[in-house]
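Data file: coords.txt. Format and content: compact mmCIF, C-alpha atoms and all ligand atoms.
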```txt
# COMPACT_ATOMS: atom_id res chain seq x y z
CA MET X 237 -96.35 138.61 30.31
CA ARG X 238 -94.86 138.45 33.80
CA ALA X 239 -91.33 137.06 34.17
CA ALA X 240 -88.71 136.80 36.93
CA VAL X 241 -85.68 138.88 35.92
CA ARG X 242 -82.44 140.17 37.36
CA ALA X 243 -80.18 142.87 35.92
CA ARG X 244 -77.09 142.14 38.06
CA TRP X 245 -75.49 139.32 39.99
CA GLY X 246 -76.43 139.18 43.67
CA LYS X 247 -78.55 137.63 46.40
CA PRO X 248 -82.02 136.74 45.10
CA GLU X 249 -83.89 138.99 47.53
CA LYS X 250 -81.76 141.95 46.35
CA VAL X 251 -81.72 141.41 42.58
CA VAL X 252 -84.68 139.30 41.45
CA GLU X 253 -87.88 141.10 40.50
CA ILE X 254 -91.01 140.50 38.46
CA ASP X 255 -91.16 142.48 35.22
CA ASP X 256 -93.24 142.64 32.05
CA VAL X 257 -91.50 141.04 29.06
CA SER X 258 -92.71 140.11 25.60
CA LYS X 259 -94.42 136.78 25.12
CA PRO X 260 -92.25 134.25 23.25
CA LYS X 261 -93.12 133.61 19.60
CA LEU X 262 -94.32 130.22 18.44
CA GLU X 263 -91.81 128.71 16.00
CA ASP X 264 -92.44 125.79 13.66
CA ASP X 265 -90.66 123.28 15.93
CA THR X 266 -92.00 124.56 19.27
CA VAL X 267 -95.18 124.48 21.30
CA LEU X 268 -96.38 127.54 23.16
CA VAL X 269 -97.12 126.56 26.76
CA ARG X 270 -99.03 128.50 29.38
CA VAL X 271 -96.89 127.77 32.43
CA LYS X 272 -98.68 126.46 35.53
CA ALA X 273 -95.66 125.61 37.69
CA VAL X 274 -91.86 125.89 37.61
CA SER X 275 -89.25 124.42 39.91
CA VAL X 276 -86.28 126.23 41.38
CA ASN X 277 -83.01 124.37 40.88
CA ARG X 278 -79.66 125.02 42.45
CA ALA X 279 -78.48 126.13 39.00
CA ASP X 280 -81.10 128.90 39.08
CA TYR X 281 -79.61 130.09 42.35
CA TYR X 282 -76.11 130.00 40.84
CA MET X 283 -77.41 131.90 37.80
CA THR X 284 -78.55 134.59 40.22
CA VAL X 285 -75.55 134.94 42.55
CA ALA X 286 -72.81 133.75 40.13
CA PRO X 287 -70.45 132.14 42.66
CA GLY X 288 -66.96 131.52 41.28
CA ILE X 289 -66.01 134.88 39.77
CA LEU X 290 -63.84 133.35 37.02
CA LEU X 291 -66.74 131.13 35.93
CA ARG X 292 -69.01 134.11 35.22
CA PRO X 293 -68.22 134.36 31.49
CA MET X 294 -69.20 130.66 31.22
CA ILE X 295 -72.54 131.15 32.96
CA GLY X 296 -73.37 134.30 31.00
CA GLY X 297 -71.66 137.64 31.64
CA PHE X 298 -68.67 138.76 33.69
CA LEU X 299 -69.90 142.09 35.08
CA LYS X 300 -73.62 141.44 34.77
CA PRO X 301 -75.88 138.72 33.33
CA LYS X 302 -76.33 138.95 29.56
CA MET X 303 -79.78 137.36 29.79
CA ARG X 304 -82.19 139.00 32.24
CA GLN X 305 -84.59 136.09 32.63
CA LEU X 306 -84.15 132.94 34.70
CA GLY X 307 -85.37 129.36 35.05
CA THR X 308 -85.41 126.02 33.23
CA ASP X 309 -88.03 123.53 34.50
CA PHE X 310 -91.72 124.04 33.73
CA ALA X 311 -95.07 122.28 33.52
CA GLY X 312 -98.14 123.71 31.84
CA VAL X 313 -100.80 123.53 29.16
CA VAL X 314 -100.16 123.74 25.41
CA GLU X 315 -101.79 126.83 23.86
CA ALA X 316 -100.50 126.54 20.28
CA VAL X 317 -98.53 124.00 18.28
CA GLY X 318 -95.83 124.76 15.68
CA LYS X 319 -96.31 123.47 12.11
CA SER X 320 -93.67 120.74 12.33
CA VAL X 321 -94.64 119.39 15.77
CA SER X 322 -96.71 116.20 15.74
CA GLY X 323 -98.45 114.31 18.54
CA TYR X 324 -99.47 117.42 20.53
CA GLN X 325 -102.49 119.69 20.44
CA PRO X 326 -103.77 122.74 22.31
CA GLY X 327 -104.98 121.72 25.77
CA ASP X 328 -102.36 118.97 26.24
CA GLU X 329 -100.62 118.97 29.62
CA VAL X 330 -96.84 118.86 29.28
CA PHE X 331 -93.65 119.31 31.27
CA GLY X 332 -90.14 120.04 30.12
CA ALA X 333 -87.17 122.36 30.03
CA LYS X 334 -86.73 125.74 28.43
CA THR X 335 -84.47 128.62 29.35
CA PRO X 336 -85.90 131.00 30.47
CA ALA X 337 -88.86 129.32 32.18
CA PHE X 338 -89.73 131.62 35.11
CA CYS X 339 -92.46 133.35 33.11
CA GLU X 340 -96.08 132.93 32.12
CA PHE X 341 -95.42 131.42 28.66
CA VAL X 342 -92.60 129.40 27.12
CA ALA X 343 -92.06 128.33 23.50
CA ALA X 344 -90.50 124.93 24.14
CA ARG X 345 -88.79 122.18 22.15
CA MET X 346 -87.85 119.87 25.05
CA PHE X 347 -91.12 118.63 26.54
CA VAL X 348 -93.23 115.49 26.94
CA HIS X 349 -96.79 114.75 27.99
CA LYS X 350 -97.47 115.07 31.71
CA PRO X 351 -98.86 111.83 33.13
CA ALA X 352 -102.42 112.26 34.39
CA ASN X 353 -101.52 110.83 37.81
CA VAL X 354 -98.99 113.63 38.44
CA SER X 355 -99.78 117.26 39.33
CA PHE X 356 -98.27 120.26 37.52
CA GLU X 357 -96.20 120.95 40.65
CA GLU X 358 -94.84 117.38 40.76
CA ALA X 359 -94.08 117.40 37.03
CA ALA X 360 -92.33 120.79 37.16
CA ALA X 361 -89.94 119.41 39.77
CA VAL X 362 -88.71 116.63 37.49
CA PRO X 363 -86.67 117.79 34.45
CA VAL X 364 -83.20 118.94 35.61
CA SER X 365 -83.01 116.96 38.85
CA ALA X 366 -84.46 113.61 37.78
CA LEU X 367 -82.61 113.73 34.45
CA THR X 368 -79.37 114.31 36.36
CA ALA X 369 -80.12 111.36 38.66
CA LEU X 370 -80.93 109.10 35.69
CA GLN X 371 -77.82 110.00 33.69
CA ALA X 372 -75.59 109.83 36.79
CA LEU X 373 -76.60 106.26 37.60
CA ARG X 374 -77.29 104.73 34.18
CA ASP X 375 -74.80 106.50 31.87
CA HIS X 376 -71.92 107.57 34.11
CA GLY X 377 -72.16 105.07 36.97
CA LYS X 378 -73.05 102.29 34.48
CA LEU X 379 -75.23 100.81 37.19
CA GLU X 380 -76.13 97.16 36.67
CA ALA X 381 -78.95 95.28 38.36
CA GLY X 382 -77.82 93.78 41.65
CA GLN X 383 -75.14 96.40 42.37
CA ARG X 384 -74.82 98.47 45.51
CA VAL X 385 -75.34 102.24 45.39
CA LEU X 386 -74.67 105.07 47.82
CA VAL X 387 -76.20 108.52 47.34
CA ASN X 388 -74.43 111.30 49.27
CA GLY X 389 -76.87 114.22 49.51
CA ALA X 390 -79.96 112.03 49.26
CA SER X 391 -82.44 114.56 50.57
CA GLY X 392 -82.06 117.30 47.96
CA ALA X 393 -83.66 117.66 44.56
CA VAL X 394 -81.25 115.37 42.69
CA GLY X 395 -80.76 113.02 45.63
CA THR X 396 -84.42 112.17 46.21
CA TYR X 397 -84.74 111.12 42.57
CA ALA X 398 -81.36 109.32 42.66
CA VAL X 399 -82.52 107.02 45.47
CA GLN X 400 -85.68 106.11 43.54
CA VAL X 401 -83.99 105.80 40.13
CA ALA X 402 -81.31 103.51 41.61
CA LYS X 403 -84.08 101.23 42.88
CA ALA X 404 -85.92 101.41 39.55
CA LEU X 405 -82.70 100.38 37.72
CA GLY X 406 -82.39 97.33 39.95
CA ALA X 407 -79.77 98.29 42.54
CA SER X 408 -79.61 95.57 45.20
CA THR X 409 -79.19 98.06 48.03
CA VAL X 410 -79.33 101.82 48.14
CA THR X 411 -77.70 103.70 50.99
CA ALA X 412 -78.82 107.30 51.46
CA VAL X 413 -76.71 109.91 53.26
CA CYS X 414 -78.61 112.89 54.66
CA SER X 415 -79.27 115.02 57.74
CA PRO X 416 -81.40 113.70 60.63
CA ARG X 417 -84.58 115.55 59.63
CA ASN X 418 -84.59 113.69 56.30
CA VAL X 419 -83.88 110.14 57.46
CA GLU X 420 -87.54 109.03 57.41
CA GLN X 421 -88.10 110.59 53.99
CA ALA X 422 -85.12 108.67 52.54
CA ARG X 423 -86.58 105.41 53.91
CA ARG X 424 -89.98 106.21 52.41
CA LEU X 425 -88.32 106.77 49.03
CA GLY X 426 -86.91 103.25 49.16
CA ALA X 427 -83.43 103.56 50.70
CA ASP X 428 -82.40 100.28 52.32
CA ARG X 429 -80.00 102.00 54.68
CA VAL X 430 -79.84 105.64 55.75
CA VAL X 431 -76.73 107.31 57.17
CA ASP X 432 -77.25 110.43 59.26
CA TYR X 433 -74.13 112.42 58.35
CA THR X 434 -74.17 114.28 61.67
CA LYS X 435 -73.61 110.96 63.50
CA GLU X 436 -71.69 108.77 61.11
CA ASP X 437 -69.03 109.22 58.43
CA PHE X 438 -70.05 106.85 55.61
CA THR X 439 -66.45 106.68 54.36
CA ARG X 440 -65.49 104.90 57.61
CA SER X 441 -68.32 102.36 57.56
CA GLY X 442 -66.32 99.48 56.06
CA ASP X 443 -69.10 98.92 53.48
CA ARG X 444 -68.33 98.94 49.75
CA TYR X 445 -70.37 100.38 46.88
CA ASP X 446 -70.25 99.80 43.13
CA VAL X 447 -71.57 103.29 42.41
CA ILE X 448 -71.42 106.37 44.60
CA VAL X 449 -73.48 109.33 43.41
CA ASP X 450 -71.87 112.28 45.14
CA ILE X 451 -74.18 115.26 45.26
CA GLY X 452 -72.81 116.65 48.50
CA GLY X 453 -69.14 116.75 47.52
CA THR X 454 -68.28 116.52 51.18
CA HIS X 455 -65.35 114.07 51.20
CA PRO X 456 -61.96 113.92 49.46
CA TRP X 457 -61.18 111.13 46.98
CA ARG X 458 -58.82 109.33 49.37
CA HIS X 459 -61.74 108.82 51.78
CA LEU X 460 -64.35 108.04 49.12
CA ARG X 461 -62.27 105.30 47.50
CA ARG X 462 -62.18 103.40 50.81
CA VAL X 463 -65.87 102.61 50.29
CA LEU X 464 -65.80 101.95 46.54
CA THR X 465 -65.48 98.38 45.28
CA PRO X 466 -62.17 97.71 43.43
CA ASN X 467 -63.83 98.56 40.07
CA GLY X 468 -66.37 100.99 41.50
CA THR X 469 -67.28 104.42 40.15
CA LEU X 470 -67.70 107.74 41.89
CA VAL X 471 -70.06 109.98 39.93
CA MET X 472 -69.56 113.60 40.97
CA VAL X 473 -72.74 115.58 40.48
CA GLY X 474 -72.12 118.68 42.54
CA SER X 475 -70.40 120.05 45.55
CA GLN X 476 -71.97 121.85 48.47
CA ARG X 477 -68.88 122.30 50.55
CA ARG X 478 -65.87 122.51 48.29
CA ASN X 479 -66.63 125.68 46.40
CA ASN X 480 -63.80 128.12 45.77
CA PRO X 481 -64.71 131.84 45.45
CA LEU X 482 -62.89 132.08 42.10
CA ILE X 483 -63.62 128.78 40.38
CA GLY X 484 -66.53 127.29 42.34
CA PRO X 485 -66.33 123.47 42.56
CA LEU X 486 -64.00 123.05 39.56
CA GLY X 487 -60.80 122.68 41.62
CA TYR X 488 -62.31 119.89 43.69
CA ILE X 489 -63.71 118.14 40.62
CA PHE X 490 -60.42 118.28 38.65
CA ARG X 491 -58.35 117.16 41.67
CA THR X 492 -60.63 114.19 42.26
CA ALA X 493 -60.77 113.16 38.59
CA LEU X 494 -56.96 113.44 38.32
CA ALA X 495 -56.28 111.46 41.51
CA SER X 496 -58.58 108.67 40.34
CA ARG X 497 -56.55 108.18 37.13
CA LEU X 498 -53.95 106.33 39.18
CA SER X 499 -56.53 103.81 40.32
CA LYS X 500 -58.87 101.16 38.88
CA GLN X 501 -61.64 102.89 40.74
CA LYS X 502 -63.04 105.67 38.62
CA ALA X 503 -64.19 109.21 39.41
CA THR X 504 -66.18 111.05 36.83
CA PHE X 505 -68.02 114.37 36.56
CA PHE X 506 -70.70 115.24 34.03
CA ILE X 507 -73.21 117.92 33.18
CA ALA X 508 -76.67 116.52 32.51
CA LYS X 509 -77.85 116.88 28.90
CA PHE X 510 -81.47 117.14 27.86
CA ASN X 511 -82.81 114.78 25.23
CA LYS X 512 -86.31 113.55 24.36
CA PRO X 513 -85.72 109.81 24.95
CA ASP X 514 -84.59 110.49 28.52
CA MET X 515 -87.54 112.81 29.08
CA GLU X 516 -89.81 109.98 27.89
CA THR X 517 -88.06 107.61 30.31
CA LEU X 518 -88.78 110.02 33.16
CA ARG X 519 -92.41 110.31 32.05
CA GLU X 520 -92.71 106.51 32.16
CA LEU X 521 -91.06 106.33 35.60
CA LEU X 522 -93.52 108.95 36.88
CA GLU X 523 -96.52 107.28 35.28
CA SER X 524 -95.62 103.89 36.73
CA GLY X 525 -95.09 105.41 40.18
CA LYS X 526 -91.45 104.27 40.26
CA ILE X 527 -90.41 107.86 40.93
CA LYS X 528 -92.31 110.52 42.83
CA SER X 529 -91.48 114.18 43.33
CA VAL X 530 -90.97 115.31 46.91
CA ILE X 531 -91.90 118.97 47.30
CA GLU X 532 -91.04 120.85 50.45
CA ARG X 533 -92.56 124.23 49.62
CA VAL X 534 -94.81 125.75 46.97
CA TYR X 535 -94.47 129.52 46.46
CA PRO X 536 -96.79 131.88 44.56
CA PHE X 537 -94.95 133.47 41.59
CA PRO X 538 -94.49 136.93 43.19
CA GLU X 539 -92.43 135.19 45.94
CA ILE X 540 -89.99 133.48 43.59
CA ALA X 541 -87.02 135.39 45.07
CA ASP X 542 -87.79 133.76 48.45
CA ALA X 543 -87.70 130.32 46.81
CA LEU X 544 -84.30 131.10 45.24
CA GLN X 545 -83.02 132.42 48.55
CA TYR X 546 -84.14 129.29 50.42
CA MET X 547 -82.55 127.07 47.76
CA GLY X 548 -79.29 128.95 48.28
CA GLU X 549 -79.22 128.09 51.98
CA GLY X 550 -78.41 124.52 50.94
CA HIS X 551 -80.83 122.48 53.01
CA ALA X 552 -84.05 122.57 51.02
CA ARG X 553 -85.82 119.25 51.33
CA ALA X 554 -86.01 118.00 47.77
CA ASN X 555 -87.89 120.37 45.49
CA LEU X 556 -89.12 123.95 45.66
CA VAL X 557 -91.92 124.77 43.26
CA VAL X 558 -93.46 128.08 42.18
CA THR X 559 -96.99 128.32 40.80
CA PHE X 560 -98.67 130.90 38.57
N1 LIG U 1 -73.84 117.90 37.18
C1 LIG U 1 -75.06 118.26 36.87
O1 LIG U 1 -75.51 118.17 35.71
C2 LIG U 1 -75.94 118.80 37.96
C3 LIG U 1 -77.32 118.88 37.78
C4 LIG U 1 -78.11 119.32 38.85
C5 LIG U 1 -77.49 119.71 40.04
N2 LIG U 1 -76.14 119.66 40.15
C6 LIG U 1 -75.46 120.04 41.39
O2 LIG U 1 -75.77 119.09 42.40
C7 LIG U 1 -75.77 119.71 43.67
C8 LIG U 1 -77.05 119.42 44.40
O3 LIG U 1 -78.14 119.86 43.65
P1 LIG U 1 -79.59 119.72 44.26
O4 LIG U 1 -80.50 120.38 43.30
O5 LIG U 1 -79.88 118.33 44.67
O6 LIG U 1 -79.43 120.68 45.53
P2 LIG U 1 -80.26 120.71 46.87
O7 LIG U 1 -81.69 120.39 46.59
O8 LIG U 1 -79.92 121.98 47.56
O9 LIG U 1 -79.69 119.48 47.68
C9 LIG U 1 -78.49 119.48 48.29
C10 LIG U 1 -78.59 118.56 49.47
O10 LIG U 1 -77.29 118.40 49.99
C11 LIG U 1 -77.48 117.99 51.31
N3 LIG U 1 -76.30 118.23 52.12
C12 LIG U 1 -75.86 119.40 52.65
N4 LIG U 1 -74.75 119.15 53.40
C13 LIG U 1 -74.52 117.81 53.31
C14 LIG U 1 -73.54 116.93 53.87
N5 LIG U 1 -72.58 117.40 54.67
N6 LIG U 1 -73.60 115.61 53.57
C15 LIG U 1 -74.57 115.12 52.76
N7 LIG U 1 -75.54 115.89 52.23
C16 LIG U 1 -75.50 117.22 52.50
C17 LIG U 1 -78.68 118.75 51.84
O11 LIG U 1 -79.44 117.83 52.60
P3 LIG U 1 -79.66 117.97 54.18
O12 LIG U 1 -80.60 119.14 54.38
O13 LIG U 1 -80.26 116.65 54.55
O14 LIG U 1 -78.31 118.25 54.76
C18 LIG U 1 -79.44 119.16 50.59
O15 LIG U 1 -80.73 118.60 50.59
C19 LIG U 1 -75.51 121.20 43.42
O16 LIG U 1 -74.14 121.45 43.61
C20 LIG U 1 -75.90 121.37 41.96
O17 LIG U 1 -75.23 122.44 41.34
C21 LIG U 1 -75.35 119.22 39.14
```
Could I get this structure in the form of structure tokens?
Ligand SMILES: NC(=O)c1ccc[n+]([C@@H]2O[C@H](COP(=O)([O-])OP(=O)(O)OC[C@H]3O[C@@H](n4cnc5c(N)ncnc54)[C@H](OP(=O)(O)O)[C@@H]3O)[C@@H](O)[C@H]2O)c1
Amino acid sequence: MRAAVRARWGKPEKVVEIDDVSKPKLEDDTVLVRVKAVSVNRADYYMTVAPGILLRPMIGGFLKPKMRQLGTDFAGVVEAVGKSVSGYQPGDEVFGAKTPAFCEFVAARMFVHKPANVSFEEAAAVPVSALTALQALRDHGKLEAGQRVLVNGASGAVGTYAVQVAKALGASTVTAVCSPRNVEQARRLGADRVVDYTKEDFTRSGDRYDVIVDIGGTHPWRHLRRVLTPNGTLVMVGSQRRNNPLIGPLGYIFRTALASRLSKQKATFFIAKFNKPDMETLRELLESGKIKSVIERVYPFPEIADALQYMGEGHARANLVVTF
């Protein structure tokens, strides 16, 4: 089967190619899925270029990647069902997460039914980004109905879901921070207020938020805490701007978490974790129309390196999807 592979770290257009690899084997607790669409996450870009040289052993190989294949998010059609899997049959449409996923078939454990009102492309965009948004707000921000939320980086993959999930969880107001070309999109997704970061610094607004989901990582803690309520929480999801060539965003994350220990306001970082109940929650949110996937570009599979390259430029509008 065809798969996107890379044998060394480097820019996607230089190192990513399509190769023939063996089809995964069906195991008792998996379903074999013919992949229809995958989405390209920022993590896939990082798994290609390996920024932060000292982090390379953590992401899989110091000198070169140990695993050649890439990808996590997929949507497709079940071809075969393992003996111990119940509730699924060949022909079912599913979406989920499996590493590697940038290939024609996956044998997956983490998947749920795709709602009929959602396309394969829209479903493939969901797993990593929407799960991150859900866990950031509900589990780490401990968002309660009626609270005020700000999403910094509201136009990217995680951010577009974070705006919608905050509304679905009952936030009283959601403020979205993004670039001018994405202001209208943020409003359409339900943001009550949109800050164009090229015109206004949200940390000087005088407003206060119970939960800040920081996907941009653009401001230091001493500025962010000005706009947190006295018991508010900053949830650090990622960092676009504060990446160090040796340790990526880790320095910024540790500094922020440490500084916040002296204060009642909290700063926390997390790595999203897949689990079936949360995948079911996302399926329900999609089915009910409470969240929708925004897709900027759809690429045919042979052009997957272009999708990774565009993701790396840092201003993709929400999701990039690749179809087979
Ligand atoms: N912790 C976790 O488990 C987890 C999971 C998923 C992702 N992440 C991390 O989260 C980050 C974002 O991921 P993503 O998939 O959403 O990436 P993305 O789709 O590339 O989105 C990033 C967004 O940041 C915005 N941005 C750039 N400069 C900005 C600024 N100065 N102020 C505010 N926003 C700015 C861009 O929007 P404009 O074009 O409007 O500027 C872009 O849409 C990455 O660092 C990723 O590694 C972490």
- request: Could you tell me which of X:Glu253, X:Asp309, X:Glu315, X:Glu549 comes closest to ligand LIG 1 (chain U) if we count all atoms listed in the file?
  value: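 Result for the nearest residue to ligand LIG 1 (chain U): X:Glu549.
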Counting all atoms listed in the file, the option among X:Asn480, X:Asn277, X:Thr266, X:Ser408 closest to X:Ala316: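 Checking each of X:Asn480, X:Asn277, X:Thr266, X:Ser408 against X:Ala316, counting all atoms listed in the file, the winner is X:Thr266.
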- request: Using only C-alpha atoms, find the one residue out of X:Gly332, X:Val274, X:Arg304, X:Ala279 that sits nearest to X:Arg244.
  value: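 Nearest to X:Arg244: X:Arg304.
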- request: Please write out the residues within 7 Å of ligand LIG 1 (chain U) as a PyMOL selection string, counting all atoms listed in the file.
  value: chain X and resi 277-279+364-365+368+388-395+413-418+433+451-452+454+473-476+505-508+547+550-555
field: All residues 12 Å or closer to stretch 481-496 of chain X, only C-alpha atoms, same chain fewer than 5 positions away omitted, as a ChimeraX atom specification
entry: /X:282,285-295,450-461,464,466-476,501-506
message: Restricting the calculation to only C-alpha atoms: of X:Glu263, X:Asp256, X:Glu358, X:Glu539, which residue gets closest to X:Met237?
response: X:Asp256
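In this structure, atom CA of X:Lys378 sits 9.4 Å away from atom CA of X:Asp446.
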task: To one decimal in Å, tell me the separation between atom CA of X:Leu522 and atom CA of X:Glu329.
output: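 Between these atoms lies a distance of 14.3 Å.
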message: Between atom CA of X:Thr411 and atom CA of X:Arg424, what is the distance in Å, rounded to a tenth?
response: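 If I compute the distance from atom CA of X:Thr411 to atom CA of X:Arg424, I get 12.6 Å.
Every polymer residue reaching to within 12 Å of (-99.4, 132.1, 31.0), counting only C-alpha atoms, appears in this list: Met237, Arg238, Ala239, Ser258, Lys259, Pro260, Leu268, Val269, Arg270, Val271, Lys272, Ala273, Val274, Phe310, Ala311, Gly312, Val313, Val314, Glu315, Ala337, Phe338, Cys339, Glu340, Phe341, Val342, Ala343, Phe537, Thr559 and Phe560 of chain X.
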field: For X:Ile527, the nearest of the candidates X:Ala359, X:Ala243, X:Val558, X:Leu306, counting all atoms listed in the file
entry: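 Looking only at the distances to X:Ile527, the closest residue turns out to be X:Ala359.
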message: Could you check the closest approach to X:Arg242 for each of X:Ala541, X:Met346, X:Ala427, X:Ala412 and tell me which residue wins, using all atoms listed in the file?
response: X:Ala541
- request: For the point (-86.7, 101.1, 48.3) in the file's frame, write as a ChimeraX atom specification all residues with an atom no more than 12 Å away, counting only C-alpha atoms.
  value: /X:385,396-412,421-430,526-527
